[in-house]
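S.K.: See protein-v7.cif below, with mmCIF, C-alpha atoms.
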data_final
#
loop_
_atom_site.group_PDB
_atom_site.id
_atom_site.type_symbol
_atom_site.label_atom_id
_atom_site.label_comp_id
_atom_site.auth_asym_id
_atom_site.auth_seq_id
_atom_site.Cartn_x
_atom_site.Cartn_y
_atom_site.Cartn_z
ATOM 1 C CA CYS A 84 -50.828 105.834 -40.842
ATOM 2 C CA ASP A 85 -51.381 106.078 -44.624
ATOM 3 C CA MET A 86 -54.468 103.861 -44.622
ATOM 4 C CA LYS A 87 -57.511 105.720 -45.992
ATOM 5 C CA GLU A 88 -61.134 104.877 -45.300
ATOM 6 C CA ILE A 89 -63.463 105.362 -48.276
ATOM 7 C CA VAL A 90 -67.219 105.147 -47.685
ATOM 8 C CA LEU A 91 -69.814 104.715 -50.422
ATOM 9 C CA LEU A 92 -73.200 106.261 -49.621
ATOM 10 C CA SER A 93 -76.421 107.046 -51.429
ATOM 11 C CA GLY A 94 -79.372 109.190 -50.485
ATOM 12 C CA LYS A 95 -81.730 106.462 -51.684
ATOM 13 C CA GLY A 96 -81.607 102.749 -52.395
ATOM 14 C CA GLY A 97 -81.174 101.250 -55.839
ATOM 15 C CA THR A 98 -78.590 103.673 -57.215
ATOM 16 C CA GLY A 99 -75.965 100.970 -57.843
ATOM 17 C CA LYS A 100 -73.823 101.761 -54.800
ATOM 18 C CA THR A 101 -73.044 98.125 -53.952
ATOM 19 C CA ASN A 102 -72.181 97.285 -57.561
ATOM 20 C CA LEU A 103 -69.758 100.198 -57.643
ATOM 21 C CA CYS A 104 -68.263 99.079 -54.337
ATOM 22 C CA GLY A 105 -67.734 95.613 -55.836
ATOM 23 C CA CYS A 106 -65.923 97.201 -58.789
ATOM 24 C CA PHE A 107 -63.679 99.176 -56.440
ATOM 25 C CA ALA A 108 -62.952 95.978 -54.526
ATOM 26 C CA GLN A 109 -61.892 94.223 -57.737
ATOM 27 C CA LEU A 110 -59.639 97.094 -58.780
ATOM 28 C CA SER A 111 -58.091 97.962 -55.414
ATOM 29 C CA GLY A 112 -55.958 94.882 -54.907
ATOM 30 C CA ASP A 113 -54.884 95.715 -51.358
ATOM 31 C CA ALA A 114 -58.040 96.938 -49.606
ATOM 32 C CA VAL A 115 -59.978 95.620 -46.619
ATOM 33 C CA LEU A 116 -63.720 95.675 -47.265
ATOM 34 C CA ALA A 117 -66.665 96.293 -44.952
ATOM 35 C CA ASP A 118 -70.360 95.962 -45.782
ATOM 36 C CA CYS A 119 -71.934 98.476 -43.402
ATOM 37 C CA ASP A 120 -75.449 98.057 -44.777
ATOM 38 C CA VAL A 121 -76.194 95.578 -41.992
ATOM 39 C CA ASP A 122 -79.985 95.810 -42.385
ATOM 40 C CA ALA A 123 -79.798 94.545 -45.975
ATOM 41 C CA SER A 124 -76.291 93.278 -46.675
ATOM 42 C CA ASN A 125 -75.735 92.733 -50.423
ATOM 43 C CA LEU A 126 -71.970 92.909 -50.967
ATOM 44 C CA PRO A 127 -71.563 89.243 -49.919
ATOM 45 C CA LEU A 128 -73.868 88.314 -52.821
ATOM 46 C CA LEU A 129 -71.300 89.783 -55.209
ATOM 47 C CA LEU A 130 -68.075 88.652 -53.552
ATOM 48 C CA LYS A 131 -69.123 85.252 -52.128
ATOM 49 C CA PRO A 132 -67.132 85.471 -48.875
ATOM 50 C CA GLU A 133 -65.735 82.450 -47.081
ATOM 51 C CA ILE A 134 -66.390 83.042 -43.383
ATOM 52 C CA ARG A 135 -63.271 82.748 -41.221
ATOM 53 C CA SER A 136 -64.696 83.905 -37.873
ATOM 54 C CA GLN A 137 -68.132 84.704 -36.438
ATOM 55 C CA HIS A 138 -68.965 86.974 -33.500
ATOM 56 C CA ASP A 139 -72.261 87.528 -31.676
ATOM 57 C CA PHE A 140 -73.684 91.044 -31.435
ATOM 58 C CA TYR A 141 -75.698 92.051 -28.370
ATOM 59 C CA ALA A 142 -77.779 95.211 -28.021
ATOM 60 C CA GLY A 143 -80.486 96.149 -25.568
ATOM 61 C CA PHE A 144 -82.003 93.780 -23.024
ATOM 62 C CA GLU A 145 -84.739 91.188 -22.756
ATOM 63 C CA PRO A 146 -86.250 89.383 -19.756
ATOM 64 C CA ARG A 147 -85.227 85.916 -18.626
ATOM 65 C CA PHE A 148 -87.630 84.104 -16.288
ATOM 66 C CA ASP A 149 -86.546 81.855 -13.428
ATOM 67 C CA PRO A 150 -88.907 78.836 -13.362
ATOM 68 C CA VAL A 151 -88.009 78.130 -9.728
ATOM 69 C CA LYS A 152 -88.810 81.596 -8.374
ATOM 70 C CA CYS A 153 -91.757 82.362 -10.663
ATOM 71 C CA LEU A 154 -95.164 82.229 -8.930
ATOM 72 C CA ARG A 155 -96.949 81.950 -12.305
ATOM 73 C CA ASN A 156 -99.500 84.543 -11.233
ATOM 74 C CA GLY A 157 -99.426 86.421 -14.542
ATOM 75 C CA ASP A 158 -98.548 89.817 -13.044
ATOM 76 C CA CYS A 159 -95.762 90.411 -15.583
ATOM 77 C CA SER A 160 -97.983 89.464 -18.538
ATOM 78 C CA VAL A 161 -100.704 91.876 -17.429
ATOM 79 C CA ALA A 162 -98.226 94.707 -16.815
ATOM 80 C CA CYS A 163 -96.366 94.384 -20.150
ATOM 81 C CA PRO A 164 -97.131 97.626 -22.069
ATOM 82 C CA PHE A 165 -96.304 96.007 -25.418
ATOM 83 C CA HIS A 166 -98.435 92.873 -24.890
ATOM 84 C CA VAL A 167 -95.612 90.500 -25.813
ATOM 85 C CA LEU A 168 -95.799 88.291 -22.718
ATOM 86 C CA GLY A 169 -98.040 85.258 -22.739
ATOM 87 C CA VAL A 170 -98.111 82.151 -20.558
ATOM 88 C CA ASP A 171 -97.713 78.470 -21.311
ATOM 89 C CA ALA A 172 -99.925 75.680 -20.048
ATOM 90 C CA SER A 173 -98.192 75.750 -16.648
ATOM 91 C CA GLY A 174 -98.570 79.519 -16.293
ATOM 92 C CA MET A 175 -94.891 80.208 -17.035
ATOM 93 C CA PRO A 176 -94.326 83.504 -18.923
ATOM 94 C CA GLN A 177 -93.531 83.181 -22.632
ATOM 95 C CA LEU A 178 -91.879 86.056 -24.489
ATOM 96 C CA ARG A 179 -92.438 87.113 -28.100
ATOM 97 C CA VAL A 180 -88.950 88.497 -28.585
ATOM 98 C CA THR A 181 -89.573 90.542 -31.743
ATOM 99 C CA GLY A 182 -92.073 92.758 -29.923
ATOM 100 C CA CYS A 183 -90.126 93.265 -26.682
ATOM 101 C CA GLU A 184 -88.637 96.738 -26.144
ATOM 102 C CA GLY A 185 -86.587 95.763 -23.079
ATOM 103 C CA CYS A 186 -88.435 98.232 -20.861
ATOM 104 C CA ALA A 187 -88.093 95.986 -17.754
ATOM 105 C CA VAL A 188 -91.648 96.613 -16.524
ATOM 106 C CA CYS A 189 -92.025 92.853 -16.073
ATOM 107 C CA ALA A 190 -88.973 92.821 -13.792
ATOM 108 C CA SER A 191 -90.226 95.790 -11.786
ATOM 109 C CA VAL A 192 -93.625 94.229 -10.985
ATOM 110 C CA CYS A 193 -92.289 90.769 -10.096
ATOM 111 C CA LYS A 194 -92.429 90.360 -6.314
ATOM 112 C CA GLU A 195 -90.162 87.301 -6.306
ATOM 113 C CA ASP A 196 -87.270 88.686 -8.403
ATOM 114 C CA ALA A 197 -87.944 85.922 -10.898
ATOM 115 C CA VAL A 198 -87.194 88.197 -13.869
ATOM 116 C CA GLU A 199 -83.643 89.093 -14.894
ATOM 117 C CA MET A 200 -82.910 91.535 -17.719
ATOM 118 C CA VAL A 201 -80.133 90.061 -19.872
ATOM 119 C CA PRO A 202 -78.354 91.351 -23.016
ATOM 120 C CA ARG A 203 -80.281 90.537 -26.185
ATOM 121 C CA LEU A 204 -78.640 88.692 -29.058
ATOM 122 C CA CYS A 205 -79.414 90.846 -32.099
ATOM 123 C CA GLY A 206 -77.168 89.377 -34.782
ATOM 124 C CA GLN A 207 -73.714 88.283 -35.830
ATOM 125 C CA TRP A 208 -70.776 89.899 -37.570
ATOM 126 C CA TYR A 209 -68.180 88.075 -39.610
ATOM 127 C CA GLU A 210 -64.623 88.292 -40.850
ATOM 128 C CA SER A 211 -64.394 86.572 -44.221
ATOM 129 C CA GLN A 212 -62.038 86.005 -47.106
ATOM 130 C CA THR A 213 -62.957 86.915 -50.682
ATOM 131 C CA ASP A 214 -61.097 86.909 -53.984
ATOM 132 C CA CYS A 215 -60.746 90.679 -53.498
ATOM 133 C CA GLY A 216 -59.362 90.486 -49.968
ATOM 134 C CA ILE A 217 -60.609 90.437 -46.393
ATOM 135 C CA MET A 218 -64.217 91.485 -45.859
ATOM 136 C CA PHE A 219 -66.235 92.293 -42.745
ATOM 137 C CA HIS A 220 -70.018 91.955 -42.887
ATOM 138 C CA ALA A 221 -72.910 91.336 -40.550
ATOM 139 C CA ARG A 222 -76.460 90.060 -40.209
ATOM 140 C CA LEU A 223 -79.138 91.462 -37.923
ATOM 141 C CA LEU A 224 -81.655 88.949 -36.612
ATOM 142 C CA PRO A 225 -85.365 89.632 -37.306
ATOM 143 C CA GLY A 226 -86.419 92.440 -34.994
ATOM 144 C CA GLY A 227 -82.785 93.139 -34.083
ATOM 145 C CA GLU A 228 -82.076 96.693 -32.975
ATOM 146 C CA ASN A 229 -79.194 99.143 -32.918
ATOM 147 C CA SER A 230 -77.832 98.736 -36.431
ATOM 148 C CA GLY A 231 -75.749 101.886 -35.810
ATOM 149 C CA LYS A 232 -73.974 100.194 -32.907
ATOM 150 C CA LEU A 233 -73.352 97.093 -35.032
ATOM 151 C CA ILE A 234 -71.897 99.232 -37.816
ATOM 152 C CA ALA A 235 -69.560 100.915 -35.330
ATOM 153 C CA GLN A 236 -68.378 97.483 -34.172
ATOM 154 C CA LEU A 237 -67.895 96.348 -37.771
ATOM 155 C CA ARG A 238 -65.900 99.430 -38.745
ATOM 156 C CA ARG A 239 -63.747 99.163 -35.632
ATOM 157 C CA ALA A 240 -62.840 95.549 -36.409
ATOM 158 C CA ALA A 241 -62.219 96.335 -40.085
ATOM 159 C CA LYS A 242 -59.921 99.248 -39.235
ATOM 160 C CA GLN A 243 -57.923 97.124 -36.825
ATOM 161 C CA LYS A 244 -57.474 94.446 -39.500
ATOM 162 C CA ALA A 245 -56.567 97.004 -42.163
ATOM 163 C CA LEU A 246 -53.855 98.411 -39.923
ATOM 164 C CA ALA A 247 -52.619 94.933 -38.983
ATOM 165 C CA VAL A 248 -52.172 93.862 -42.617
ATOM 166 C CA ASN A 249 -50.878 97.291 -43.768
ATOM 167 C CA ALA A 250 -53.773 97.751 -46.197
ATOM 168 C CA ALA A 251 -53.721 101.002 -48.146
ATOM 169 C CA LYS A 252 -57.500 101.370 -48.113
ATOM 170 C CA LEU A 253 -60.597 100.406 -46.164
ATOM 171 C CA ILE A 254 -63.605 100.446 -48.496
ATOM 172 C CA CYS A 255 -67.021 100.535 -46.803
ATOM 173 C CA ASP A 256 -70.299 99.904 -48.574
ATOM 174 C CA GLY A 257 -72.642 102.108 -46.560
ATOM 175 C CA PRO A 258 -76.418 102.026 -46.145
ATOM 176 C CA PRO A 259 -78.776 104.255 -48.131
ATOM 177 C CA GLY A 260 -80.388 107.305 -46.594
ATOM 178 C CA ILE A 261 -79.250 109.736 -43.901
ATOM 179 C CA GLY A 262 -80.374 107.976 -40.712
ATOM 180 C CA CYS A 263 -78.444 106.465 -37.822
ATOM 181 C CA PRO A 264 -76.800 103.687 -39.939
ATOM 182 C CA ALA A 265 -75.452 106.237 -42.448
ATOM 183 C CA ILE A 266 -74.234 108.512 -39.647
ATOM 184 C CA SER A 267 -72.454 105.602 -37.975
ATOM 185 C CA THR A 268 -70.811 104.713 -41.296
ATOM 186 C CA VAL A 269 -69.577 108.119 -42.429
ATOM 187 C CA SER A 270 -68.297 109.675 -39.193
ATOM 188 C CA GLY A 271 -64.513 109.772 -39.204
ATOM 189 C CA ALA A 272 -64.114 108.582 -42.817
ATOM 190 C CA ASP A 273 -61.473 110.073 -45.105
ATOM 191 C CA LEU A 274 -63.664 110.268 -48.217
ATOM 192 C CA ALA A 275 -67.332 109.720 -49.066
ATOM 193 C CA ILE A 276 -68.307 108.660 -52.569
ATOM 194 C CA LEU A 277 -71.955 109.548 -53.116
ATOM 195 C CA VAL A 278 -73.706 107.436 -55.731
ATOM 196 C CA THR A 279 -76.785 108.887 -57.377
ATOM 197 C CA GLU A 280 -78.840 108.482 -60.546
ATOM 198 C CA PRO A 281 -80.158 111.072 -63.015
ATOM 199 C CA THR A 282 -83.704 111.322 -61.693
ATOM 200 C CA VAL A 283 -85.654 113.895 -59.713
ATOM 201 C CA SER A 284 -85.580 111.682 -56.615
ATOM 202 C CA GLY A 285 -81.885 110.988 -57.195
ATOM 203 C CA LEU A 286 -81.040 114.703 -57.045
ATOM 204 C CA HIS A 287 -83.366 115.308 -54.096
ATOM 205 C CA ASP A 288 -81.786 112.573 -51.999
ATOM 206 C CA LEU A 289 -78.263 113.467 -53.119
ATOM 207 C CA LYS A 290 -78.782 116.929 -51.612
ATOM 208 C CA ARG A 291 -79.741 115.337 -48.308
ATOM 209 C CA VAL A 292 -76.700 113.067 -48.121
ATOM 210 C CA VAL A 293 -74.409 115.942 -49.179
ATOM 211 C CA GLY A 294 -75.718 117.826 -46.158
ATOM 212 C CA LEU A 295 -74.921 114.818 -43.965
ATOM 213 C CA VAL A 296 -71.289 114.422 -45.027
ATOM 214 C CA LYS A 297 -70.754 118.181 -44.859
ATOM 215 C CA GLN A 298 -71.950 118.190 -41.258
ATOM 216 C CA PHE A 299 -69.308 115.579 -40.387
ATOM 217 C CA GLY A 300 -66.576 117.380 -42.317
ATOM 218 C CA VAL A 301 -65.976 114.465 -44.696
ATOM 219 C CA PRO A 302 -64.905 115.411 -48.251
ATOM 220 C CA ALA A 303 -67.170 113.952 -50.918
ATOM 221 C CA GLN A 304 -67.170 113.040 -54.581
ATOM 222 C CA VAL A 305 -70.240 112.154 -56.636
ATOM 223 C CA VAL A 306 -70.811 109.361 -59.131
ATOM 224 C CA ILE A 307 -73.841 109.629 -61.446
ATOM 225 C CA ASN A 308 -74.737 106.044 -62.252
ATOM 226 C CA LYS A 309 -76.529 105.436 -65.576
ATOM 227 C CA CYS A 310 -75.783 109.072 -66.438
ATOM 228 C CA ASP A 311 -77.186 108.767 -69.985
ATOM 229 C CA LEU A 312 -80.587 107.647 -68.695
ATOM 230 C CA ASN A 313 -81.721 111.282 -68.426
ATOM 231 C CA CYS A 314 -79.187 113.770 -69.746
ATOM 232 C CA GLU A 315 -81.167 116.781 -68.501
ATOM 233 C CA MET A 316 -81.180 115.493 -64.913
ATOM 234 C CA ALA A 317 -77.537 114.463 -65.187
ATOM 235 C CA ASP A 318 -76.691 118.064 -66.147
ATOM 236 C CA ALA A 319 -78.751 119.321 -63.192
ATOM 237 C CA ILE A 320 -76.799 117.078 -60.810
ATOM 238 C CA GLN A 321 -73.488 118.254 -62.269
ATOM 239 C CA SER A 322 -74.571 121.872 -61.818
ATOM 240 C CA PHE A 323 -75.510 121.176 -58.208
ATOM 241 C CA CYS A 324 -72.128 119.536 -57.557
ATOM 242 C CA GLN A 325 -70.259 122.459 -59.147
ATOM 243 C CA SER A 326 -72.184 124.886 -56.937
ATOM 244 C CA LYS A 327 -70.872 123.051 -53.859
ATOM 245 C CA GLN A 328 -67.181 123.227 -54.808
#
Would you mind giving the structure from this file in C-alpha cells?
M.R.:
Amino acid sequence: CDMKEIVLLSGKGGTGKTNLCGCFAQLSGDAVLADCDVDASNLPLLLKPEIRSQHDFYAGFEPRFDPVKCLRNGDCSVACPFHVLGVDASGMPQLRVTGCEGCAVCASVCKEDAVEMVPRLCGQWYESQTDCGIMFHARLLPGGENSGKLIAQLRRAAKQKALAVNAAKLICDGPPGIGCPAISTVSGADLAILVTEPTVSGLHDLKRVVGLVKQFGVPAQVVINKCDLNCEMADAIQSFCQSKQ
C-alpha cells in the first residue's frame, strides 16, 4: 500500500505542533487525520469536527456490588488499600471511581461473592468529518487510564479508514514528551516530524525525542517553530540535526 503515516511529535508542550498539524491538514487534501494527544486533545479546536460515530473505550477494572448478596458489613471498605470505598446510609459500599486502581482486594475479602470486577469505562473515541477530511480523536474521562492503549485503538481505526478510502496519508498529531503515549503514537510510523523551538529547553527535549524515534527506527525531520525568536539557539539546533545525519 502507498499510504504513509506521518506523526508529529515534540519533546515538550507548547512548541506549535498542533498548529503545524492543522496546516498540514489544510494542505494535504487527501489525508485522514488522527489526534493522538488523547490526554489533552486540541486538534478538534482548530478543525471543528462533526462527529459521525462514537465508541466507548474500556481499560482496567472496577468493582460492581450486588445489593442482594452484600451483607453490608463493611469488610471491603476496611480492606481497600486506596481508601476509595465508603458506605451509604444503608451500609451499601460506595466507590469513588477516580481513586480506584482496580486491585480487586474488595472482591477477594468478600465472603458472599457480592463484588464483581467489571471493565472500566475510561473514555470515548470518535470518527468525525472536518473540512480537511476524516478525523479520529478521543476523550479520556477524568481519572481515565491507559492513554497508550486508547492511542493504539485510535491509530488502528484511522489506518483502517485510510486504507478503505485510499488516502495517500495518515497524519497524526502526537502527544508531547517521550512517555507511553508518545511511544504508542510513533511505533510503526513512516515518518516523524519533530517540532521544536529555539530555546534551551527546546533543544534539550528535542534530543530526548530524537532518541525515542531512533530507537523505533522511524526516520525523522525537524521543524524549528518561531526560528527567529533566538537565532543563536536556532543555529545550535541546526548543528545538532546536522550531526545526526
S.K.: With distances taken over all atoms listed in the file, which of A:Leu224, A:Gly94, A:Cys183, A:Gln243 is nearest to His287 of chain A?
M.R.: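 Among the listed residues, A:Gly94 lies closest to His287 of chain A.
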S.K.: From (-72.2, 99.0, -44.5), in the file's coordinates, out to 6 Å: which residues are reached, counting all atoms listed in the file? Answer as a ChimeraX atom specification.
M.R.: /A:118-121,255-258
S.K.: Could you tell me which of A:Thr98, A:Ser111, A:Gln325, A:Gln236 comes closest to Lys309 of chain A if we count only C-alpha atoms?
M.R.: A:Thr98
S.K.: Do you have the atom CA of Leu289 of chain A-atom CA of Ala123 of chain A distance handy?
M.R.: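 Calculated distance between atom CA of Leu289 of chain A and atom CA of Ala123 of chain A is 20.3 Å.
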S.K.: Given the choices A:Val305, A:Ala240, A:Ala117, A:Ala190, which gets closest to Pro146 of chain A if the distance is worked out from only C-alpha atoms?
M.R.: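 For Pro146 of chain A, the nearest of the given residues is A:Ala190.
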S.K.: Apply the PyMOL selection byres ((chain A and resi 153) around 10) to the displayed file and report the matching residues as a PDB file with C-alpha atoms, in the coordinates of the input.
M.R.:
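Final output, result_8.pdb:
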ATOM      1  CA  PHE A 148     -87.630  84.104 -16.288  1.00  0.00           C
ATOM      2  CA  ASP A 149     -86.546  81.855 -13.428  1.00  0.00           C
ATOM      3  CA  PRO A 150     -88.907  78.836 -13.362  1.00  0.00           C
ATOM      4  CA  VAL A 151     -88.009  78.130  -9.728  1.00  0.00           C
ATOM      5  CA  LYS A 152     -88.810  81.596  -8.374  1.00  0.00           C
ATOM      6  CA  LEU A 154     -95.164  82.229  -8.930  1.00  0.00           C
ATOM      7  CA  ARG A 155     -96.949  81.950 -12.305  1.00  0.00           C
ATOM      8  CA  ASN A 156     -99.500  84.543 -11.233  1.00  0.00           C
ATOM      9  CA  GLY A 157     -99.426  86.421 -14.542  1.00  0.00           C
ATOM     10  CA  GLY A 174     -98.570  79.519 -16.293  1.00  0.00           C
ATOM     11  CA  MET A 175     -94.891  80.208 -17.035  1.00  0.00           C
ATOM     12  CA  PRO A 176     -94.326  83.504 -18.923  1.00  0.00           C
ATOM     13  CA  CYS A 193     -92.289  90.769 -10.096  1.00  0.00           C
ATOM     14  CA  LYS A 194     -92.429  90.360  -6.314  1.00  0.00           C
ATOM     15  CA  GLU A 195     -90.162  87.301  -6.306  1.00  0.00           C
ATOM     16  CA  ASP A 196     -87.270  88.686  -8.403  1.00  0.00           C
ATOM     17  CA  ALA A 197     -87.944  85.922 -10.898  1.00  0.00           C
ATOM     18  CA  VAL A 198     -87.194  88.197 -13.869  1.00  0.00           C
TER      19      VAL A 198
END
S.K.: At a cut-off of 6 Å, using all atoms listed in the file, what residues contact Gln177 of chain A? Leave out same-chain residues fewer than 6 positions from it and give the result as a count of residues only.
M.R.: 3
S.K.: Quick one: of A:Asp288, A:Glu145, A:Glu133, A:Glu184, who's nearest to Phe219 of chain A, counting all atoms listed in the file?
M.R.: A:Glu133
S.K.: Pick from A:Leu91, A:Leu223, A:Ala114, A:Met86: nearest to Pro302 of chain A, with only C-alpha atoms counted?
M.R.: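 Counting only C-alpha atoms, the residue closest to Pro302 of chain A is A:Leu91.
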S.K.: Report as a short mmCIF file (atom, residue, chain, number, x, y, z; two decimals) with C-alpha atoms, in the frame of the given file the residues that result from applying the PyMOL selection byres ((chain A and resi 227) around 9) to the structure here.
M.R.:
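Final output, selection-v1.cif:
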data_model
loop_
_atom_site.label_atom_id
_atom_site.label_comp_id
_atom_site.auth_asym_id
_atom_site.auth_seq_id
_atom_site.Cartn_x
_atom_site.Cartn_y
_atom_site.Cartn_z
CA ALA A 142 -77.78 95.21 -28.02
CA THR A 181 -89.57 90.54 -31.74
CA ARG A 203 -80.28 90.54 -26.18
CA LEU A 204 -78.64 88.69 -29.06
CA CYS A 205 -79.41 90.85 -32.10
CA GLY A 206 -77.17 89.38 -34.78
CA LEU A 223 -79.14 91.46 -37.92
CA LEU A 224 -81.66 88.95 -36.61
CA PRO A 225 -85.36 89.63 -37.31
CA GLY A 226 -86.42 92.44 -34.99
CA GLU A 228 -82.08 96.69 -32.98
CA ASN A 229 -79.19 99.14 -32.92
CA SER A 230 -77.83 98.74 -36.43
#
S.K.: Evaluate the PyMOL selection byres ((chain A and resi 272) around 9) here and jot the selected residues down as a list in words.
M.R.: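 For this structure, the PyMOL selection byres ((chain A and resi 272) around 9) captures Lys87, Glu88, Ile89, Val90, Thr268, Val269, Ser270, Gly271, Asp273, Leu274, Ala275, Val301 and Pro302 of chain A.
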S.K.: Deliver the residues from the most recent selection as a file, using C-alpha atoms, as a tab-separated table (two decimals), in the coordinates of the input.
M.R.:
chain	number	residue	atom	x	y	z
A	87	LYS	CA	-57.51	105.72	-45.99
A	88	GLU	CA	-61.13	104.88	-45.30
A	89	ILE	CA	-63.46	105.36	-48.28
A	90	VAL	CA	-67.22	105.15	-47.68
A	268	THR	CA	-70.81	104.71	-41.30
A	269	VAL	CA	-69.58	108.12	-42.43
A	270	SER	CA	-68.30	109.68	-39.19
A	271	GLY	CA	-64.51	109.77	-39.20
A	273	ASP	CA	-61.47	110.07	-45.10
A	274	LEU	CA	-63.66	110.27	-48.22
A	275	ALA	CA	-67.33	109.72	-49.07
A	301	VAL	CA	-65.98	114.46	-44.70
A	302	PRO	CA	-64.90	115.41	-48.25
S.K.: Kindly reconstruct segment 277-292 of chain A with N, CA and C atoms and present the result as a PDB file, in the coordinates of the input.
M.R.:
ATOM      1  N   LEU A 277     -70.498 109.506 -53.130  1.00  0.00           N
ATOM      2  CA  LEU A 277     -71.955 109.548 -53.116  1.00  0.00           C
ATOM      3  C   LEU A 277     -72.474 109.096 -54.478  1.00  0.00           C
ATOM      4  N   VAL A 278     -73.215 108.026 -54.482  1.00  0.00           N
ATOM      5  CA  VAL A 278     -73.706 107.436 -55.731  1.00  0.00           C
ATOM      6  C   VAL A 278     -75.162 107.851 -55.923  1.00  0.00           C
ATOM      7  N   THR A 279     -75.434 108.454 -57.072  1.00  0.00           N
ATOM      8  CA  THR A 279     -76.785 108.887 -57.377  1.00  0.00           C
ATOM      9  C   THR A 279     -77.147 108.457 -58.784  1.00  0.00           C
ATOM     10  N   GLU A 280     -78.377 108.789 -59.197  1.00  0.00           N
ATOM     11  CA  GLU A 280     -78.840 108.482 -60.546  1.00  0.00           C
ATOM     12  C   GLU A 280     -79.550 109.710 -61.098  1.00  0.00           C
ATOM     13  N   PRO A 281     -79.617 109.846 -62.415  1.00  0.00           N
ATOM     14  CA  PRO A 281     -80.158 111.072 -63.015  1.00  0.00           C
ATOM     15  C   PRO A 281     -81.689 111.094 -63.028  1.00  0.00           C
ATOM     16  N   THR A 282     -82.259 111.222 -61.840  1.00  0.00           N
ATOM     17  CA  THR A 282     -83.704 111.322 -61.693  1.00  0.00           C
ATOM     18  C   THR A 282     -84.009 112.442 -60.706  1.00  0.00           C
ATOM     19  N   VAL A 283     -85.262 112.849 -60.655  1.00  0.00           N
ATOM     20  CA  VAL A 283     -85.654 113.895 -59.713  1.00  0.00           C
ATOM     21  C   VAL A 283     -85.411 113.439 -58.282  1.00  0.00           C
ATOM     22  N   SER A 284     -85.803 112.195 -57.973  1.00  0.00           N
ATOM     23  CA  SER A 284     -85.580 111.682 -56.615  1.00  0.00           C
ATOM     24  C   SER A 284     -84.101 111.489 -56.332  1.00  0.00           C
ATOM     25  N   GLY A 285     -83.323 111.140 -57.375  1.00  0.00           N
ATOM     26  CA  GLY A 285     -81.885 110.988 -57.195  1.00  0.00           C
ATOM     27  C   GLY A 285     -81.236 112.286 -56.761  1.00  0.00           C
ATOM     28  N   LEU A 286     -81.601 113.392 -57.402  1.00  0.00           N
ATOM     29  CA  LEU A 286     -81.040 114.703 -57.045  1.00  0.00           C
ATOM     30  C   LEU A 286     -81.530 115.137 -55.666  1.00  0.00           C
ATOM     31  N   HIS A 287     -82.801 114.928 -55.394  1.00  0.00           N
ATOM     32  CA  HIS A 287     -83.366 115.308 -54.096  1.00  0.00           C
ATOM     33  C   HIS A 287     -82.626 114.625 -52.947  1.00  0.00           C
ATOM     34  N   ASP A 288     -82.425 113.311 -53.089  1.00  0.00           N
ATOM     35  CA  ASP A 288     -81.786 112.573 -51.999  1.00  0.00           C
ATOM     36  C   ASP A 288     -80.280 112.786 -51.966  1.00  0.00           C
ATOM     37  N   LEU A 289     -79.680 113.107 -53.111  1.00  0.00           N
ATOM     38  CA  LEU A 289     -78.263 113.467 -53.119  1.00  0.00           C
ATOM     39  C   LEU A 289     -78.035 114.720 -52.279  1.00  0.00           C
ATOM     40  N   LYS A 290     -78.920 115.696 -52.394  1.00  0.00           N
ATOM     41  CA  LYS A 290     -78.782 116.929 -51.612  1.00  0.00           C
ATOM     42  C   LYS A 290     -78.810 116.625 -50.115  1.00  0.00           C
ATOM     43  N   ARG A 291     -79.643 115.680 -49.722  1.00  0.00           N
ATOM     44  CA  ARG A 291     -79.741 115.337 -48.308  1.00  0.00           C
ATOM     45  C   ARG A 291     -78.451 114.689 -47.803  1.00  0.00           C
ATOM     46  N   VAL A 292     -77.898 113.759 -48.587  1.00  0.00           N
ATOM     47  CA  VAL A 292     -76.700 113.067 -48.121  1.00  0.00           C
ATOM     48  C   VAL A 292     -75.476 113.977 -48.208  1.00  0.00           C
TER      49      VAL A 292
END
